[in-house]
$ cat protein16.cif   # mmCIF, C-alpha atoms
data_start
#
loop_
_atom_site.label_atom_id
_atom_site.label_comp_id
_atom_site.auth_asym_id
_atom_site.auth_seq_id
_atom_site.Cartn_x
_atom_site.Cartn_y
_atom_site.Cartn_z
CA MET Z 1 -130.12 -9.32 5.89
CA LEU Z 2 -131.73 -12.39 4.34
CA LEU Z 3 -133.46 -12.64 0.97
CA VAL Z 4 -135.89 -15.25 -0.27
CA LEU Z 5 -135.28 -16.06 -3.89
CA SER Z 6 -138.24 -16.68 -6.18
CA SER Z 7 -138.28 -18.76 -9.35
CA SER Z 8 -139.07 -15.64 -11.38
CA ASN Z 9 -135.76 -13.96 -10.54
CA GLU Z 10 -137.54 -11.40 -8.38
CA LEU Z 11 -136.12 -10.85 -4.93
CA GLY Z 12 -138.21 -10.21 -1.85
CA PHE Z 13 -137.03 -9.41 1.67
CA LEU Z 14 -137.74 -12.23 4.08
CA THR Z 15 -136.06 -10.87 7.18
CA VAL Z 16 -133.76 -8.18 8.45
CA SER Z 17 -130.36 -7.82 10.05
CA PRO Z 18 -129.41 -8.69 12.71
CA LEU Z 19 -130.25 -12.23 11.71
CA LEU Z 20 -127.22 -13.98 13.16
CA GLY Z 21 -125.55 -13.96 16.55
CA PHE Z 22 -122.63 -11.96 15.13
CA SER Z 23 -124.77 -8.88 14.51
CA ILE Z 24 -126.72 -9.18 17.76
CA SER Z 25 -123.51 -9.51 19.78
CA ALA Z 26 -122.06 -6.48 18.01
CA ALA Z 27 -125.13 -4.25 18.15
CA ARG Z 28 -126.43 -5.16 21.61
CA VAL Z 29 -123.33 -5.61 23.75
CA GLY Z 30 -120.45 -4.54 21.49
CA LEU Z 31 -118.69 -7.88 21.89
CA PRO Z 32 -117.38 -10.54 19.47
CA ASP Z 33 -119.59 -13.49 18.60
CA LYS Z 34 -117.76 -15.96 20.83
CA GLY Z 35 -120.57 -17.27 23.00
CA LEU Z 36 -120.58 -14.19 25.25
CA ILE Z 37 -124.21 -13.27 24.61
CA SER Z 38 -126.74 -15.27 26.59
CA TYR Z 39 -129.90 -17.12 25.67
CA GLY Z 40 -131.99 -14.51 27.51
CA GLU Z 41 -130.36 -11.63 25.65
CA MET Z 42 -130.94 -13.32 22.30
CA VAL Z 43 -134.62 -13.94 23.07
CA ASP Z 44 -135.11 -10.40 24.38
CA GLN Z 45 -133.44 -8.86 21.32
CA GLY Z 46 -135.46 -11.09 19.03
CA GLN Z 47 -138.71 -10.03 20.66
CA GLN Z 48 -137.81 -6.37 20.22
CA ILE Z 49 -137.05 -6.95 16.53
CA THR Z 50 -140.16 -9.00 15.79
CA GLN Z 51 -142.36 -6.37 17.47
CA ALA Z 52 -140.74 -3.56 15.48
CA VAL Z 53 -141.15 -5.04 11.98
CA SER Z 54 -143.99 -6.52 9.96
CA ILE Z 55 -141.94 -9.14 8.10
CA PRO Z 56 -140.92 -12.63 9.26
CA VAL Z 57 -137.66 -12.87 11.22
CA ILE Z 58 -135.38 -15.91 11.43
CA GLY Z 59 -133.25 -16.03 14.58
CA ASP Z 60 -129.87 -17.62 15.16
CA GLY Z 61 -130.24 -20.30 17.82
CA GLY Z 62 -126.60 -21.34 17.48
CA ASN Z 63 -125.97 -24.71 19.08
CA GLY Z 64 -129.14 -24.36 21.13
CA PHE Z 65 -127.07 -23.23 24.14
CA GLY Z 66 -126.27 -26.81 25.12
CA ASN Z 67 -127.61 -30.32 24.68
CA ALA Z 68 -130.91 -31.42 23.17
CA MET Z 69 -132.86 -30.33 26.25
CA ASN Z 70 -131.36 -26.85 25.99
CA VAL Z 71 -132.35 -26.85 22.32
CA LYS Z 72 -135.97 -27.49 23.33
CA ARG Z 73 -135.91 -24.55 25.75
CA THR Z 74 -134.28 -22.32 23.12
CA VAL Z 75 -136.89 -23.17 20.49
CA LYS Z 76 -139.71 -22.48 22.97
CA GLY Z 77 -138.20 -19.10 23.77
CA TYR Z 78 -137.83 -18.20 20.11
CA ILE Z 79 -141.43 -19.20 19.45
CA LYS Z 80 -142.64 -16.96 22.29
CA ALA Z 81 -140.45 -14.12 21.00
CA GLY Z 82 -142.26 -14.23 17.65
CA PHE Z 83 -139.53 -15.64 15.42
CA ALA Z 84 -140.71 -17.18 12.16
CA GLY Z 85 -137.69 -19.47 12.03
CA ILE Z 86 -134.67 -20.62 14.02
CA ILE Z 87 -131.21 -21.77 12.90
CA ILE Z 88 -129.71 -24.70 14.83
CA ASN Z 89 -126.12 -25.71 14.10
CA ASP Z 90 -123.79 -28.56 15.08
CA GLN Z 91 -121.03 -26.51 16.69
CA VAL Z 92 -119.54 -27.70 19.95
CA SER Z 93 -119.81 -24.21 21.46
CA SER Z 94 -121.64 -21.04 20.53
CA GLY Z 95 -119.85 -18.14 18.92
CA GLY Z 96 -118.28 -19.32 15.72
CA GLY Z 97 -116.06 -22.10 17.08
CA ARG Z 98 -115.17 -24.61 14.38
CA GLY Z 99 -115.45 -27.75 16.46
CA VAL Z 100 -118.56 -29.84 15.76
CA VAL Z 101 -120.37 -32.49 17.77
CA SER Z 102 -120.87 -36.00 16.47
CA ARG Z 103 -123.37 -36.58 13.70
CA GLU Z 104 -125.65 -38.45 16.10
CA GLU Z 105 -125.71 -35.58 18.60
CA ALA Z 106 -126.25 -33.03 15.83
CA VAL Z 107 -129.25 -34.98 14.56
CA MET Z 108 -130.67 -35.15 18.11
CA ARG Z 109 -130.52 -31.34 18.29
CA VAL Z 110 -132.56 -31.05 15.12
CA LYS Z 111 -135.00 -33.72 16.31
CA ALA Z 112 -135.42 -31.88 19.63
CA ALA Z 113 -136.21 -28.66 17.74
CA VAL Z 114 -138.77 -30.40 15.53
CA ASP Z 115 -140.40 -32.13 18.51
CA THR Z 116 -140.66 -28.82 20.38
CA ARG Z 117 -142.35 -27.19 17.41
CA ARG Z 118 -144.94 -29.96 17.35
CA GLU Z 119 -145.46 -29.86 21.12
CA CYS Z 120 -146.02 -26.09 21.01
CA GLY Z 121 -148.37 -26.27 18.04
CA SER Z 122 -146.11 -23.84 16.19
CA ASP Z 123 -145.16 -23.50 12.53
CA ILE Z 124 -141.68 -22.08 13.21
CA VAL Z 125 -139.24 -22.98 10.42
CA ILE Z 126 -136.32 -25.19 11.50
CA VAL Z 127 -133.11 -24.32 9.66
CA ALA Z 128 -130.42 -26.97 10.25
CA GLN Z 129 -126.85 -25.86 9.62
CA THR Z 130 -123.62 -27.85 9.67
CA ASP Z 131 -120.06 -26.53 10.03
CA SER Z 132 -118.54 -29.94 9.29
CA ARG Z 133 -117.33 -29.03 5.78
CA GLU Z 134 -114.26 -27.26 7.10
CA VAL Z 135 -113.79 -29.40 10.22
CA ILE Z 136 -114.26 -32.88 8.73
CA SER Z 137 -115.03 -33.12 5.01
CA LEU Z 138 -117.42 -32.18 2.23
CA GLU Z 139 -118.88 -35.70 2.22
CA GLU Z 140 -119.60 -35.53 5.95
CA SER Z 141 -121.37 -32.20 5.58
CA PHE Z 142 -123.65 -33.67 2.90
CA SER Z 143 -124.32 -36.75 5.02
CA ARG Z 144 -125.32 -34.54 7.93
CA ALA Z 145 -127.58 -32.48 5.68
CA ARG Z 146 -129.43 -35.63 4.62
CA ALA Z 147 -129.72 -36.77 8.24
CA PHE Z 148 -131.07 -33.36 9.26
CA THR Z 149 -133.76 -33.63 6.60
CA ASP Z 150 -134.72 -37.08 7.78
CA ALA Z 151 -135.03 -35.65 11.31
CA GLY Z 152 -137.54 -33.06 10.11
CA ALA Z 153 -135.54 -29.93 9.23
CA ASP Z 154 -137.29 -27.55 6.82
CA VAL Z 155 -134.23 -25.73 5.43
CA LEU Z 156 -130.60 -26.87 5.11
CA SER Z 157 -127.36 -24.90 5.24
CA VAL Z 158 -123.73 -26.00 4.90
CA ASP Z 159 -121.19 -23.41 6.00
CA SER Z 160 -117.79 -22.75 4.37
CA LEU Z 161 -118.36 -24.27 0.93
CA VAL Z 162 -115.37 -23.12 -1.09
CA SER Z 163 -116.55 -23.17 -4.71
CA ARG Z 164 -119.59 -22.89 -6.96
CA GLU Z 165 -119.23 -26.57 -7.71
CA GLU Z 166 -119.51 -27.48 -4.03
CA MET Z 167 -122.51 -25.19 -3.68
CA LYS Z 168 -124.22 -26.81 -6.68
CA SER Z 169 -123.52 -30.28 -5.28
CA PHE Z 170 -125.08 -29.26 -1.98
CA CYS Z 171 -128.21 -28.00 -3.71
CA ASN Z 172 -128.57 -31.44 -5.29
CA VAL Z 173 -128.80 -33.05 -1.83
CA TYR Z 174 -132.55 -33.59 -1.48
CA PRO Z 175 -133.26 -30.98 -4.21
CA LEU Z 176 -136.81 -30.28 -3.00
CA VAL Z 177 -135.58 -29.13 0.43
CA PRO Z 178 -134.79 -25.37 0.41
CA LYS Z 179 -131.15 -24.42 0.89
CA LEU Z 180 -129.77 -21.35 2.69
CA ALA Z 181 -126.50 -19.74 1.53
CA ASN Z 182 -124.58 -17.73 4.11
CA MET Z 183 -122.58 -15.09 2.26
CA LEU Z 184 -120.23 -13.83 4.95
CA GLU Z 185 -118.91 -10.55 3.54
CA THR Z 186 -115.28 -11.07 4.56
CA GLY Z 187 -113.76 -12.57 1.44
CA GLY Z 188 -111.51 -15.58 1.98
CA LYS Z 189 -112.17 -19.00 0.48
CA ILE Z 190 -115.97 -18.67 0.36
CA PRO Z 191 -117.23 -17.37 -3.03
CA MET Z 192 -118.94 -13.99 -2.67
CA LEU Z 193 -121.94 -14.07 -5.00
CA ASN Z 194 -124.87 -11.75 -5.58
CA PRO Z 195 -128.49 -12.92 -5.06
CA LEU Z 196 -129.11 -13.71 -8.72
CA GLU Z 197 -126.00 -15.88 -8.91
CA ILE Z 198 -127.03 -17.66 -5.70
CA GLU Z 199 -130.49 -18.39 -7.11
CA GLU Z 200 -129.01 -19.68 -10.36
CA ILE Z 201 -126.97 -22.24 -8.40
CA GLY Z 202 -130.15 -23.54 -6.75
CA TYR Z 203 -130.47 -21.85 -3.37
CA LYS Z 204 -133.83 -20.56 -2.14
CA LEU Z 205 -132.50 -18.24 0.55
CA VAL Z 206 -129.35 -16.17 0.98
CA ALA Z 207 -128.06 -14.30 4.02
CA TYR Z 208 -125.72 -11.30 3.97
CA PRO Z 209 -125.18 -11.05 7.74
CA LEU Z 210 -122.67 -8.19 7.81
CA SER Z 211 -124.00 -5.85 5.11
CA LEU Z 212 -126.34 -3.68 7.17
CA ILE Z 213 -124.28 -3.49 10.33
CA GLY Z 214 -121.11 -3.03 8.26
CA VAL Z 215 -122.33 0.00 6.32
CA SER Z 216 -123.86 1.40 9.53
CA ILE Z 217 -120.53 1.21 11.35
CA ARG Z 218 -118.70 2.87 8.48
CA ALA Z 219 -121.31 5.64 8.22
CA MET Z 220 -121.04 6.35 11.96
CA GLN Z 221 -117.24 6.40 11.79
CA ASP Z 222 -117.31 8.84 8.88
CA ALA Z 223 -119.79 11.11 10.68
CA LEU Z 224 -117.73 11.13 13.89
CA LEU Z 225 -114.54 11.90 11.99
CA ALA Z 226 -116.29 14.78 10.25
CA ILE Z 227 -117.54 16.24 13.54
CA LYS Z 228 -114.11 15.77 15.14
CA GLY Z 229 -112.59 17.67 12.23
CA GLY Z 230 -114.95 20.60 12.68
CA ARG Z 231 -117.39 19.62 9.95
CA ILE Z 232 -120.89 18.18 9.95
CA PRO Z 233 -122.13 15.32 7.76
CA PRO Z 234 -123.54 16.64 4.47
CA PRO Z 235 -127.35 16.64 4.16
CA GLY Z 236 -127.31 13.99 1.44
CA SER Z 237 -125.54 11.49 3.70
CA MET Z 238 -128.42 11.16 6.13
CA PRO Z 239 -132.24 11.12 6.02
CA SER Z 240 -134.20 14.22 6.95
CA LEU Z 241 -135.96 14.48 10.30
CA GLU Z 242 -139.26 13.94 8.50
CA GLU Z 243 -137.95 10.72 6.92
CA ILE Z 244 -136.68 9.47 10.27
CA GLU Z 245 -140.03 10.19 11.90
CA GLU Z 246 -141.82 8.37 9.08
CA ILE Z 247 -139.60 5.32 9.53
CA LEU Z 248 -140.24 5.31 13.28
CA GLY Z 249 -143.99 5.67 12.85
CA TYR Z 250 -144.53 9.14 14.32
CA ASP Z 251 -147.54 9.85 12.08
CA THR Z 252 -149.23 6.63 13.15
CA TYR Z 253 -148.52 7.43 16.79
CA ARG Z 254 -150.00 10.92 16.51
CA GLU Z 255 -153.14 9.61 14.82
CA GLU Z 256 -153.63 6.99 17.51
CA GLU Z 257 -152.93 9.55 20.22
CA LYS Z 258 -155.79 11.71 18.93
CA ARG Z 259 -158.21 8.77 19.27
CA TYR Z 260 -157.61 8.65 23.01
CA ALA Z 261 -157.42 12.37 23.73
CA THR Z 262 -159.75 13.77 26.41
CA SER Z 263 -161.29 17.22 26.75
CA SER Z 264 -159.02 18.07 29.68
CA SER Z 265 -155.80 16.90 28.01
CA SER Z 266 -154.87 20.40 26.88
CA ASP Z 267 -155.20 21.71 30.44
CA ARG Z 268 -152.73 19.23 31.85
CA GLY Z 269 -149.00 19.18 31.76
CA SER Z 270 -148.35 22.74 32.92
CA SER Z 271 -145.82 22.70 35.72
CA ARG Z 272 -144.08 25.05 38.10
CA ARG Z 273 -140.88 24.85 40.08
CA SER Z 274 -141.26 24.16 43.79
CA VAL Z 275 -139.08 25.77 46.47
CA TYR Z 276 -137.18 22.47 46.80
CA GLY Z 277 -136.34 22.23 43.09
CA GLY Z 278 -138.94 19.61 42.19
CA ASN Z 279 -141.87 19.99 39.81
CA GLN Z 280 -145.57 20.19 40.65
CA ARG Z 281 -148.34 19.68 38.14
CA VAL Z 282 -151.43 21.83 38.58
CA VAL Z 283 -154.69 20.12 37.58
CA GLN Z 284 -157.83 22.22 37.33
CA ASP Z 285 -161.29 20.68 37.33
CA ASP Z 286 -164.77 22.04 37.93
CA SER Z 287 -164.72 21.63 41.71
CA GLU Z 288 -161.24 22.43 42.96
CA GLN Z 289 -157.62 22.94 42.10
CA ARG Z 290 -155.41 19.95 42.89
CA VAL Z 291 -151.62 19.96 43.02
CA ASP Z 292 -150.05 16.62 42.14
CA PRO Z 293 -146.38 16.17 43.07
CA VAL Z 294 -144.10 15.00 40.28
CA VAL Z 295 -140.93 13.14 41.13
CA GLU Z 296 -137.87 14.75 39.59
CA VAL Z 297 -135.22 12.22 38.62
CA MET Z 298 -131.70 13.45 39.24
CA ILE Z 299 -129.21 12.06 36.72
CA PRO Z 300 -125.93 11.15 38.43
CA GLU Z 301 -122.86 13.04 37.30
CA VAL Z 302 -119.72 10.99 37.51
CA VAL Z 303 -117.01 12.99 39.24
CA SER Z 304 -114.07 13.07 36.91
CA ASN Z 305 -110.44 13.07 37.92
CA GLU Z 306 -107.17 12.43 36.20
CA SER Z 307 -107.27 8.65 36.31
CA ARG Z 308 -111.04 8.06 36.36
CA ASN Z 309 -110.27 4.85 38.19
CA PRO Z 310 -113.38 3.81 40.18
CA PHE Z 311 -111.14 2.82 43.07
CA SER Z 312 -109.05 5.98 43.22
CA ARG Z 313 -109.54 9.23 45.14
CA ILE Z 314 -113.04 10.69 44.95
CA TRP Z 315 -115.13 7.98 43.32
CA SER Z 316 -115.31 5.78 46.40
CA ARG Z 317 -116.05 8.66 48.82
CA SER Z 318 -119.32 10.18 50.04
CA LEU Z 319 -120.50 13.42 51.61
CA ARG Z 320 -122.49 13.44 54.83
CA ILE Z 321 -124.76 16.47 55.15
CA LYS Z 322 -126.30 17.33 58.51
CA ILE Z 323 -128.74 20.13 59.21
CA ILE Z 324 -129.57 21.12 62.81
CA GLY Z 325 -132.44 23.56 63.16
CA ARG Z 326 -132.07 26.69 65.28
CA ASP Z 327 -134.30 24.96 67.79
CA GLY Z 328 -131.67 22.22 68.18
CA ILE Z 329 -133.70 19.54 66.40
CA GLU Z 330 -131.98 17.52 63.66
CA LYS Z 331 -133.70 18.18 60.33
CA LEU Z 332 -131.49 16.21 57.94
CA ASP Z 333 -128.73 13.62 58.06
CA VAL Z 334 -127.97 12.17 54.63
CA ARG Z 335 -125.01 10.59 52.82
CA ILE Z 336 -124.54 11.32 49.13
CA PRO Z 337 -122.07 9.33 46.94
CA ALA Z 338 -119.59 11.38 44.96
CA GLY Z 339 -121.22 10.42 41.69
CA PHE Z 340 -124.55 11.92 42.72
CA LEU Z 341 -123.55 15.47 43.62
CA GLU Z 342 -125.43 17.00 40.70
CA GLY Z 343 -128.71 18.36 42.03
CA VAL Z 344 -127.68 18.38 45.72
CA THR Z 345 -128.78 22.03 45.93
CA ASN Z 346 -132.31 20.81 45.27
CA ILE Z 347 -132.06 19.15 48.68
CA VAL Z 348 -130.03 21.86 50.46
CA PRO Z 349 -130.44 25.21 48.64
CA ALA Z 350 -127.93 26.84 51.00
CA LEU Z 351 -125.14 24.86 49.32
CA GLY Z 352 -125.72 26.72 46.08
CA GLY Z 353 -122.46 28.25 44.88
CA VAL Z 354 -120.32 25.84 46.92
CA ASN Z 355 -117.97 23.72 44.79
CA LEU Z 356 -118.45 20.44 46.62
CA LYS Z 357 -116.46 18.44 44.09
CA GLN Z 358 -113.44 20.71 44.58
CA LEU Z 359 -113.75 20.41 48.35
CA MET Z 360 -113.81 16.63 48.05
CA ASP Z 361 -110.88 16.60 45.65
CA ASP Z 362 -108.79 18.79 47.97
CA ALA Z 363 -109.53 16.46 50.87
CA ALA Z 364 -109.31 13.22 48.91
CA ASP Z 365 -106.43 11.88 51.00
CA GLU Z 366 -108.06 12.72 54.33
CA VAL Z 367 -109.57 10.05 56.53
CA GLY Z 368 -113.34 9.70 56.82
CA GLY Z 369 -115.21 12.03 59.14
CA LYS Z 370 -113.34 15.21 58.20
CA LEU Z 371 -115.50 18.33 58.54
CA LEU Z 372 -115.47 20.29 55.29
CA LEU Z 373 -118.11 22.94 55.98
CA ASP Z 374 -119.83 24.30 59.09
CA PHE Z 375 -122.06 27.36 58.77
CA LYS Z 376 -125.53 28.75 59.41
CA ASP Z 377 -127.91 29.63 56.61
CA THR Z 378 -130.18 32.65 56.49
CA ALA Z 379 -132.87 30.78 58.44
CA GLY Z 380 -130.48 30.12 61.28
CA ASP Z 381 -130.10 26.40 60.61
CA ARG Z 382 -126.64 24.92 61.15
CA ILE Z 383 -125.31 23.07 58.09
CA GLN Z 384 -122.38 20.69 58.38
CA VAL Z 385 -120.72 18.79 55.55
CA PHE Z 386 -118.41 15.87 56.33
CA LEU Z 387 -116.18 13.75 54.09
CA GLU Z 388 -116.96 10.05 54.57
#
$ encode --input "protein16.cif" --output "structure tokens"
Amino acid sequence: MLLVLSSSNELGFLTVSPLLGFSISAARVGLPDKGLISYGEMVDQGQQITQAVSIPVIGDGGNGFGNAMNVKRTVKGYIKAGFAGIIINDQVSSGGGRGVVSREEAVMRVKAAVDTRRECGSDIVIVAQTDSREVISLEESFSRARAFTDAGADVLSVDSLVSREEMKSFCNVYPLVPKLANMLETGGKIPMLNPLEIEEIGYKLVAYPLSLIGVSIRAMQDALLAIKGGRIPPPGSMPSLEEIEEILGYDTYREEEKRYATSSSSDRGSSRRSVYGGNQRVVQDDSEQRVDPVVEVMIPEVVSNESRNPFSRIWSRSLRIKIIGRDGIEKLDVRIPAGFLEGVTNIVPALGGVNLKQLMDDAADEVGGKLLLDFKDTAGDRIQVFLE
């Protein structure tokens, strides 16, 4: 979460979490922020966020995913994704590593970002951040901040300042250039200050990157523990269904849906089960009745066993199902992986009531080609099931 601080001590939301790569890595892929998330994933996630909210969003561009040319590509992608701003830092590698590139290379990254903005005719805000305070020195971090401004950065940020005095000194570096404070909610040497205290020091923006995802994780853990213990979360701990629908825009959707409704809409959507287990939609108009086939998607059921190792026993096996008609003509010859047994009776109704998974499990150590079933159905068709 990031707040923009006004001179009248009133706080207004500028953007939302996830702002930084830490939150996107955690929420999207469940991995630490150590450079494991890709440029494409960051751009895709950013586009989803910017399309879902009506407020400006600043995205974490990290080290630009490489050299100055990579920075240009990253900025272009963030512009297309709808970001209002992008943070570019001087880290050697993405993902919170504390090594920094030389001052000259760091400045070239910022210059590349500024040039790309001009070339694209964009007004994206360039936030230049340095991690050199902890790696080199306080003086070097201030020197880099000045150089970033000279290169065209709009907002400055110095990470890991360890006192209010250092923060005040930073705000006096080119005082007219807005400063961003990154309040990482983990304690340690960095002072943890509230928004009013941050504004009093001289910052114009403050980020609390872990607040929203942190309280969300704790709330989910508490709810899961309650359910595991035989309880359900109390009503006051979660919004009502109506509140959730309001947040997600259900009312707006329903109103828009009505605008595009047709006179025949209410007659559509009725369905009936076909003999093969699929659905068919019946559409009635003035001239004739038309039956449109609807594809039924079968969700694979993973066959469980004691180890659930994808390379052990059943998981790597398949069933071969052959049907020979009573006239001697082959009607079906299909192989079905073990993980897709759910819904097989939609294809071969005669296998209803047969525990195929148990048959496969009992024959798990057999070589391929073993005949598991051989019988005739009520229509006289011969059905054979082989273990592959």
$ resolve_selection --input "protein16.cif" --expression "the PyMOL selection byres ((chain Z and resi 85) around 6)" --output "tab-separated table (two decimals) with C-alpha atoms, in the frame of the given file"
chain	number	residue	atom	x	y	z
Z	58	ILE	CA	-135.38	-15.91	11.43
Z	83	PHE	CA	-139.53	-15.64	15.42
Z	84	ALA	CA	-140.71	-17.18	12.16
Z	86	ILE	CA	-134.67	-20.62	14.02
Z	124	ILE	CA	-141.68	-22.08	13.21
Z	125	VAL	CA	-139.24	-22.98	10.42
Z	126	ILE	CA	-136.32	-25.19	11.50
$ atom_distance --input "protein16.cif" --atom1 "CA of Met108 (chain Z)" --atom2 "CA of Ala151 (chain Z)"
8.1 Å
$ resolve_selection --input "protein16.cif" --expression "the PyMOL selection byres ((chain Z and resi 61) around 7)" --output "ChimeraX atom specification"
/Z:59-60,62-64,74,86-88
$ residues_around --input "protein16.cif" --residues "region 177-182 of chain Z" --least-positions-apart "4" --cutoff "7 Å" --atoms "only C-alpha atoms" --output "VMD selection string"
chain Z and resid 154 to 157 159 171 203 to 208
$ residues_around --input "protein16.cif" --residues "region 136-140 of chain Z" --least-positions-apart "3" --cutoff "10 Å" --atoms "only C-alpha atoms" --output "ChimeraX atom specification"
/Z:99-100,103,130-133,143-146,158,160-162,166,169-170
$ write_last_selection --input "protein16.cif" --atoms "C-alpha atoms" --output "PDB file, keeping the file's coordinate frame"
ATOM      1  CA  GLY Z  99    -115.450 -27.750  16.460  1.00  0.00           C
ATOM      2  CA  VAL Z 100    -118.560 -29.840  15.760  1.00  0.00           C
ATOM      3  CA  ARG Z 103    -123.370 -36.580  13.700  1.00  0.00           C
ATOM      4  CA  THR Z 130    -123.620 -27.850   9.670  1.00  0.00           C
ATOM      5  CA  ASP Z 131    -120.060 -26.530  10.030  1.00  0.00           C
ATOM      6  CA  SER Z 132    -118.540 -29.940   9.290  1.00  0.00           C
ATOM      7  CA  ARG Z 133    -117.330 -29.030   5.780  1.00  0.00           C
ATOM      8  CA  SER Z 143    -124.320 -36.750   5.020  1.00  0.00           C
ATOM      9  CA  ARG Z 144    -125.320 -34.540   7.930  1.00  0.00           C
ATOM     10  CA  ALA Z 145    -127.580 -32.480   5.680  1.00  0.00           C
ATOM     11  CA  ARG Z 146    -129.430 -35.630   4.620  1.00  0.00           C
ATOM     12  CA  VAL Z 158    -123.730 -26.000   4.900  1.00  0.00           C
ATOM     13  CA  SER Z 160    -117.790 -22.750   4.370  1.00  0.00           C
ATOM     14  CA  LEU Z 161    -118.360 -24.270   0.930  1.00  0.00           C
ATOM     15  CA  VAL Z 162    -115.370 -23.120  -1.090  1.00  0.00           C
ATOM     16  CA  GLU Z 166    -119.510 -27.480  -4.030  1.00  0.00           C
ATOM     17  CA  SER Z 169    -123.520 -30.280  -5.280  1.00  0.00           C
ATOM     18  CA  PHE Z 170    -125.080 -29.260  -1.980  1.00  0.00           C
TER      19      PHE Z 170
END
$ atom_distance --input "protein16.cif" --atom1 "CA of Leu373 (chain Z)" --atom2 "CA of Val385 (chain Z)"
4.9 Å
$ atom_distance --input "protein16.cif" --atom1 "CA of Leu36 (chain Z)" --atom2 "CA of Asp222 (chain Z)"
28.4 Å
$ closest_residue --input "protein16.cif" --among "Z:Ile347, Z:Gly353, Z:Met360, Z:Gly249" --to "Leu319 (chain Z)" --atoms "all atoms listed in the file"
Z:Met360
$ closest_residue --input "protein16.cif" --among "Z:Ser163, Z:Lys228, Z:Gly369, Z:Arg335" --to "Met192 (chain Z)" --atoms "all atoms listed in the file"
Z:Ser163
$ resolve_selection --input "protein16.cif" --expression "the PyMOL selection byres ((chain Z and resi 354) around 12)" --output "NGL selection string"
:Z and (341-342 or 344-345 or 348-353 or 355-360 or 372-373 or 385)
$ write_last_selection --input "protein16.cif" --atoms "C-alpha atoms" --output "PDB file, in the coordinates of the input"
ATOM      1  CA  LEU Z 341    -123.550  15.470  43.620  1.00  0.00           C
ATOM      2  CA  GLU Z 342    -125.430  17.000  40.700  1.00  0.00           C
ATOM      3  CA  VAL Z 344    -127.680  18.380  45.720  1.00  0.00           C
ATOM      4  CA  THR Z 345    -128.780  22.030  45.930  1.00  0.00           C
ATOM      5  CA  VAL Z 348    -130.030  21.860  50.460  1.00  0.00           C
ATOM      6  CA  PRO Z 349    -130.440  25.210  48.640  1.00  0.00           C
ATOM      7  CA  ALA Z 350    -127.930  26.840  51.000  1.00  0.00           C
ATOM      8  CA  LEU Z 351    -125.140  24.860  49.320  1.00  0.00           C
ATOM      9  CA  GLY Z 352    -125.720  26.720  46.080  1.00  0.00           C
ATOM     10  CA  GLY Z 353    -122.460  28.250  44.880  1.00  0.00           C
ATOM     11  CA  ASN Z 355    -117.970  23.720  44.790  1.00  0.00           C
ATOM     12  CA  LEU Z 356    -118.450  20.440  46.620  1.00  0.00           C
ATOM     13  CA  LYS Z 357    -116.460  18.440  44.090  1.00  0.00           C
ATOM     14  CA  GLN Z 358    -113.440  20.710  44.580  1.00  0.00           C
ATOM     15  CA  LEU Z 359    -113.750  20.410  48.350  1.00  0.00           C
ATOM     16  CA  MET Z 360    -113.810  16.630  48.050  1.00  0.00           C
ATOM     17  CA  LEU Z 372    -115.470  20.290  55.290  1.00  0.00           C
ATOM     18  CA  LEU Z 373    -118.110  22.940  55.980  1.00  0.00           C
ATOM     19  CA  VAL Z 385    -120.720  18.790  55.550  1.00  0.00           C
TER      20      VAL Z 385
END
$ axis_aligned_box --input "protein16.cif" --around "region 213-225 of chain Z" --padding-each-side "4 Å" --output "JSON"
{"center_x": -119.4, "center_y": 4.2, "center_z": 10.1, "size_x": 17.7, "size_y": 23.4, "size_z": 15.6}
$ residues_around --input "protein16.cif" --residues "Val101 (chain Z)" --least-positions-apart "6" --cutoff "7 Å" --atoms "only C-alpha atoms" --output "list in words"
Asp90, Gln91 and Val92 of chain Z
$ write_last_selection --input "protein16.cif" --atoms "C-alpha atoms" --output "tab-separated table (two decimals), in the coordinates of the input"
chain	number	residue	atom	x	y	z
Z	90	ASP	CA	-123.79	-28.56	15.08
Z	91	GLN	CA	-121.03	-26.51	16.69
Z	92	VAL	CA	-119.54	-27.70	19.95
$ residues_around --input "protein16.cif" --residues "Ala379 (chain Z)" --least-positions-apart "6" --cutoff "12 Å" --atoms "only C-alpha atoms" --output "list in words"
Ile323, Ile324, Gly325, Arg326, Asp327, Pro349 and Ala350 of chain Z
